[in-house]
Amino acid sequence: MKVLVSWLRDFVDINVSPDELGQTLTMRGFELSSIDPVDTHQKMGSDPFFDAVLDFEVTANRPDALSVIGLAREVGTAYSLPVKPLVPKPLPQTPTRDVTVRLEAPDLCPRYAAAVADVTIGPSPEWLAARLQAAGVRPINNVVDVTNYVLLELGQPMHAFDLDRLAGKEIRIRRARPGERIKTLDSTDRALDPDMLVIADADRAQAIAGVMGGGLSEVSDSTRTIVLESAFFNPKSVRRTSKMLGLKTEASARFERGADVNAAVTGIERAITLLVEIGAGQGRGGAIDEYPSPVSPKRIELRRARIGSMLGLEIDDPDIERILKGLGFQVRRNEAGWEVSVPTFRVDVSREVDLIEEVGRHYGYDRLPSTFPALTEPAPPSDPRIARDRLVRRVLAAAGCSEALTFSFIDTALAAHFADHDAIVPIGNPLSAQFSVLRPSLLPGLLTSVAHNRHRERADVRLFELGATMTRAGESRRVAAALTGHAGEAHWSGARRPIDFFDVKGIAEGLGGALQADVTFDAASLPSYLVRGRAATVSAGGRVIGSVGMLAPAIVSAAGLAANEDVYVAELDLDALAAARPAAPLTVKPLPRYPSIARDISIVVDHTLPAAAVRGTIRSAAPDTLVSIREFDRYQGKGVPDGRVSLSLRLTFRSPERTLTDAEVEAAMKRILDALKSAHDAVQR
Amino acid sequence: MSAESDLQALRDKYLGRKSGAITALMKSVAMAPAELKPVLGKQANELKQEIEQQLVERKTALEATKAPVGAVDISLPGRTPQLGHIHPLTIVREQIEVIFTRLGYQVLEGPEVEDDYHNFEALNMPAEHPARDMQDTLYLSGEIQGAGRPATLLRTHTSPMQIRYMERHQPPVRIIVPGKVYRRDDLDLTHTPMFQQVEGLVVGEGITMADLKGTLSAFARELFEPDTKVQIRPSFFPYTEPSAEVFIGCVFCHGSGCPICKRTGWLEIGGSGMVHPAVFESVGYDPERYTGFAFGMGIERIAILKYGVDDIRLFYENDLRFLEQFPL
């Protein structure tokens, strides 16, 4: 709301600099967004030092402050100055008969006032035009300017129709007819909907109620008689209409937040007073006022004790009364506090707490003490996901991955690689194609981030993300990693190796270890975005919780990377992983008391034989004293026949009860080698 | 003299058993007249000791210049553990969690896909409420499984978790809820369609707006600087009454005026207020018995102020040159 300080001074005798005034209202809830000097101050006869255009942000709950008088009440209360009431000259009692008003939709229009005036169209006087201009309203002609002036001054939207253009000299407030259209003042032809309220003459819609007038009955240079409209339209109805038409106006902004139902006639009187004052016309008879169910001011009990218990500060009675009266409330003291009568322009005040806010905000939040709420009982534990996610992030960072954050909505085409079409949830009103569906996986976003870095001279990229994914089945919490390039940094002590499958498998194993869940891997039911033979499904607690492996080259190239760029990824459902944690609390096992005996074996087996099969055979042939099996070399090449692989393993034996003898370990080794030979045709090297 | 061999030659020349000059001198002293012997002997001995000492010193100096056995070039780079970096928004979020945990708060999380009731209606924003314009919503096409009711939108704030928590728990309440929220905002220097908030809610008997101010002040002093000032200014949110915006004294200019605070000396970090009685009524709390305060702050906003980030999009591009500036 832009307002001239000199206009405010019509109502309150304020004598401070515009800067200070801006600060004062900012601290009372009307943030000053700009302050502009006035170049026409001489024409307005005001002191240049004290005039300026102040632009205040007015919150959605305060339509009354979208007016000069509304802001003047705030200024007056802030500086303990009286606010001069706006008392226009009353019109004659007998309503005019020159126009007929039929209120056919009182649900959407609780009040409709109208009056007729004879006018001589011409330009407005400079002072009036200047005030409008300062408020950002373009002067048009004296009649339209007067309606805009009243809107700005009083907050009451007004409209003027050319009476001679109204068929039947009639005003009907009705819902639009099916298929009805109107050409509005902005020369746009608009289709109306039967939910919309229109102001019509005997034949057709002449205005969209509370939003914009129509071109047909527009005041023009040839207009001689006008009908002034000053109404109260249902806020929800105006809001719906304005939204459906995509048309926001000064009037709709006020009506949809709530105008003052009791300002309708004052608006008419003020407009006619102004028309007379600037020599633009004369009223003809009294106002018509269709107001079937008059609204009286609401009464609210305000308890003194409640103010203190809400704000945490005792405020003296005179201060409370001064503030409320200044803002236009009527107060009557009673035992517990006051009975407060709420003026109808304060549509935001309906409960005691609303009054407490008024008192608090004008008393000043700066004067509130800083206290601390007493802790009456210990806080229950936090969501266990908080600590778990913190751990997961640290494990991945320790594994060399940096944390990424990507948007929860992604491109449809990218998403299609990662989930079934039916599972993907589109955004109903997306901002752009780039953000059109909810992400069914963290991988598309991570891949985009990998590409971002690869395109910026970064050879090695290791990123992870922890966050929600969403499908039709709902939301789940996942963690994912994407790695490309080499492991580790280039170092003088030796060559680096490229990232491979075992890096992402290791990440899944490491996370399982950190969360005390056993994870297993198999090649069954792999997602299609991973390369078969270089990918595995991850399970924990008896259910599939994710997968690890190499991303399909087609997806990598779709993300803008070279198709031969190996990108390895892992993605796990964190809630499922955490659920696989054993229920029993951790208890320590005693440390071994007897020495272990280790034996290394090297066997040559078929190169497709999984290491897990070898381990299984060893386990089944070995005594209980075999405590660990660890592969430490895998070799193909010179000395190993084609299609075969040399596998070296270290087997460690230990008994919790005694020292093992060489002889019994030798016997166990023989049984193991025999079993490997018969099961896998293994040849010892 | 540059090597051990030179040193040995020198030793042989003077102290050698067969042809050393000093050895010869000592022998000739033995043949001197008896009355001169003590004097000559003493002088010859002193000379010998002097030479021996010098030789030892030279040898020590020479050895000090030689590399010890098994030496490494300690100026070469070490095998630095390849640690990744934690995202700055996570760092800030965790700092906030730590502060409030210490103040006796429970840290909770809520769903990101929400239903209209929890996101708006229960928070005193019925359909057609003008305040819904303040938060331009991203709606889902169709419904998806939510927490309870089917979800139809991406939450526009973390406040629905206030409702979800109060529906299931009786006061006292002292929680914070960090998390992602969504608005239909185009990507630019200061806006992203997804950002992070932290919500706070305290409900009990006798909770006041002064408690809100004290809590926010304690928080800001710990998160920013020990002398950071907090100011609350009247504002409007449908779910709080009275409502207030939260400002901190500018961390860049400390009030002297700079472009970042637009020369006001204050920076906005969030919204707050006393829980609206209509919100209590929607969860079945008695607004006569209980009062409470709530606040919500933008984590990006705080990170921008803490680290001097000038483009909010940097948080979501995941450029390693940006991320690597933050510690693990």
# chains A, B, ... in the order shown; residues from 1 in each chain; ligands from 1

$ interface_residues --of "chain A" --to "chain B" --cutoff "7 Å" --atoms "only C-alpha atoms" --output "VMD selection string"
chain A and resid 27 to 29 59 to 61 236 257 309 to 312 353 to 354 357 361 365 368 to 373 379 to 383 397 to 407 425 to 431 449 452 to 453 472 to 474 488

$ residues_around --residues "region 610-616 of chain A" --least-positions-apart "5" --cutoff "8 Å" --atoms "only C-alpha atoms" --output "PyMOL selection string"
chain A and resi 629+676+680

$ select_by_dssp --residues "region 44-284 of chain B" --states "strand (DSSP E or B)" --output "count of residues only"
63

$ atom_distance --atom1 "CA of Gly506 (chain A)" --atom2 "CA of Val548 (chain A)"
9.5 Å

$ residues_around --residues "Glu218 (chain A)" --least-positions-apart "4" --cutoff "10 Å" --atoms "only C-alpha atoms" --output "list in words"
Val144, His159, Ala160, Phe161, Asp162, Leu163, Arg165, Thr184, Leu185, Gln206, Ala207, Gly213, Gly214, Thr223 and Ile226 of chain A

$ residues_around --residues "Glu121 (chain B)" --least-positions-apart "2" --cutoff "12 Å" --atoms "only C-alpha atoms" --output "NGL selection string"
:B and (114-119 or 123-129 or 131-132 or 159-160 or 163 or 238-239 or 278-279 or 281-283)

$ write_last_selection --atoms "C-alpha atoms" --output "compact mmCIF listing (two decimals), in the first residue's frame"
# COMPACT_ATOMS: atom_id res chain seq x y z
CA GLU B 114 0.98 -34.40 2.88
CA ASP B 115 -2.77 -34.15 2.84
CA ASP B 116 -4.66 -30.87 2.69
CA TYR B 117 -5.99 -31.27 6.23
CA HIS B 118 -2.57 -31.41 7.92
CA ASN B 119 -0.88 -28.89 5.66
CA LEU B 123 -3.51 -25.03 10.75
CA ASN B 124 -6.42 -22.60 10.53
CA MET B 125 -6.23 -22.25 6.76
CA PRO B 126 -9.55 -23.54 5.44
CA ALA B 127 -10.16 -23.74 1.69
CA GLU B 128 -10.28 -20.30 0.00
CA HIS B 129 -8.32 -18.75 2.86
CA ALA B 131 -3.28 -16.95 3.37
CA ARG B 132 -3.02 -19.98 1.10
CA SER B 159 4.08 -27.12 10.39
CA PRO B 160 1.85 -30.13 9.53
CA ILE B 163 -0.62 -31.27 14.06
CA PRO B 238 -2.92 -18.08 10.20
CA TYR B 239 -1.64 -20.67 12.68
CA ALA B 278 -8.00 -22.77 16.52
CA VAL B 279 -4.96 -25.01 16.03
CA GLU B 281 -8.97 -26.90 19.01
CA SER B 282 -8.26 -28.95 15.88
CA VAL B 283 -6.07 -31.34 17.89

$ atom_distance --atom1 "CA of Ile121 (chain A)" --atom2 "CA of Gly286 (chain A)"
21.5 Å

$ atom_distance --atom1 "CA of Arg439 (chain A)" --atom2 "CA of Gln162 (chain B)"
25.8 Å

$ select_by_dssp --residues "region 123-289 of chain B" --states "alpha helix (DSSP H)" --output "PyMOL selection string"
chain B and resi 160-168+209-223+277-282

$ write_last_selection --atoms "C-alpha atoms" --output "PDB file, in the first residue's frame"
ATOM      1  CA  PRO B 160       1.853 -30.134   9.529  1.00  0.00           C
ATOM      2  CA  MET B 161       4.098 -32.095  11.870  1.00  0.00           C
ATOM      3  CA  GLN B 162       2.838 -29.873  14.708  1.00  0.00           C
ATOM      4  CA  ILE B 163      -0.622 -31.268  14.065  1.00  0.00           C
ATOM      5  CA  ARG B 164       0.574 -34.846  13.611  1.00  0.00           C
ATOM      6  CA  TYR B 165       2.457 -34.700  16.889  1.00  0.00           C
ATOM      7  CA  MET B 166      -0.267 -33.026  18.927  1.00  0.00           C
ATOM      8  CA  GLU B 167      -2.883 -35.465  17.585  1.00  0.00           C
ATOM      9  CA  ARG B 168      -0.947 -38.245  19.300  1.00  0.00           C
ATOM     10  CA  MET B 209       5.513 -14.860  24.091  1.00  0.00           C
ATOM     11  CA  ALA B 210       8.395 -13.718  26.303  1.00  0.00           C
ATOM     12  CA  ASP B 211       9.452 -17.389  26.409  1.00  0.00           C
ATOM     13  CA  LEU B 212       9.427 -17.391  22.611  1.00  0.00           C
ATOM     14  CA  LYS B 213      11.638 -14.329  22.539  1.00  0.00           C
ATOM     15  CA  GLY B 214      14.030 -15.754  25.107  1.00  0.00           C
ATOM     16  CA  THR B 215      14.259 -19.083  23.307  1.00  0.00           C
ATOM     17  CA  LEU B 216      14.949 -17.506  19.924  1.00  0.00           C
ATOM     18  CA  SER B 217      17.555 -15.222  21.471  1.00  0.00           C
ATOM     19  CA  ALA B 218      19.358 -18.115  23.136  1.00  0.00           C
ATOM     20  CA  PHE B 219      19.268 -20.024  19.868  1.00  0.00           C
ATOM     21  CA  ALA B 220      20.590 -17.151  17.748  1.00  0.00           C
ATOM     22  CA  ARG B 221      23.391 -16.395  20.178  1.00  0.00           C
ATOM     23  CA  GLU B 222      24.569 -19.962  20.015  1.00  0.00           C
ATOM     24  CA  LEU B 223      24.168 -20.465  16.276  1.00  0.00           C
ATOM     25  CA  PRO B 277      -6.316 -21.393  19.666  1.00  0.00           C
ATOM     26  CA  ALA B 278      -8.001 -22.769  16.523  1.00  0.00           C
ATOM     27  CA  VAL B 279      -4.960 -25.012  16.028  1.00  0.00           C
ATOM     28  CA  PHE B 280      -5.280 -26.302  19.592  1.00  0.00           C
ATOM     29  CA  GLU B 281      -8.970 -26.904  19.011  1.00  0.00           C
ATOM     30  CA  SER B 282      -8.262 -28.950  15.884  1.00  0.00           C
TER      31      SER B 282
END

$ residues_around --residues "Leu591 (chain A)" --least-positions-apart "5" --cutoff "12 Å" --atoms "only C-alpha atoms" --output "PyMOL selection string"
chain A and resi 654-657

$ write_last_selection --atoms "C-alpha atoms" --output "PDB file, in the first residue's frame"
ATOM      1  CA  ARG A 654      41.183 -71.559  16.510  1.00  0.00           C
ATOM      2  CA  SER A 655      39.564 -73.363  19.391  1.00  0.00           C
ATOM      3  CA  PRO A 656      38.074 -71.521  22.354  1.00  0.00           C
ATOM      4  CA  GLU A 657      39.117 -74.380  24.640  1.00  0.00           C
TER       5      GLU A 657
END

$ residues_around --residues "Ala524 (chain A)" --least-positions-apart "3" --cutoff "12 Å" --atoms "only C-alpha atoms" --output "ChimeraX atom specification"
/A:520-521,527-528,532-533,535-539,544,546-547
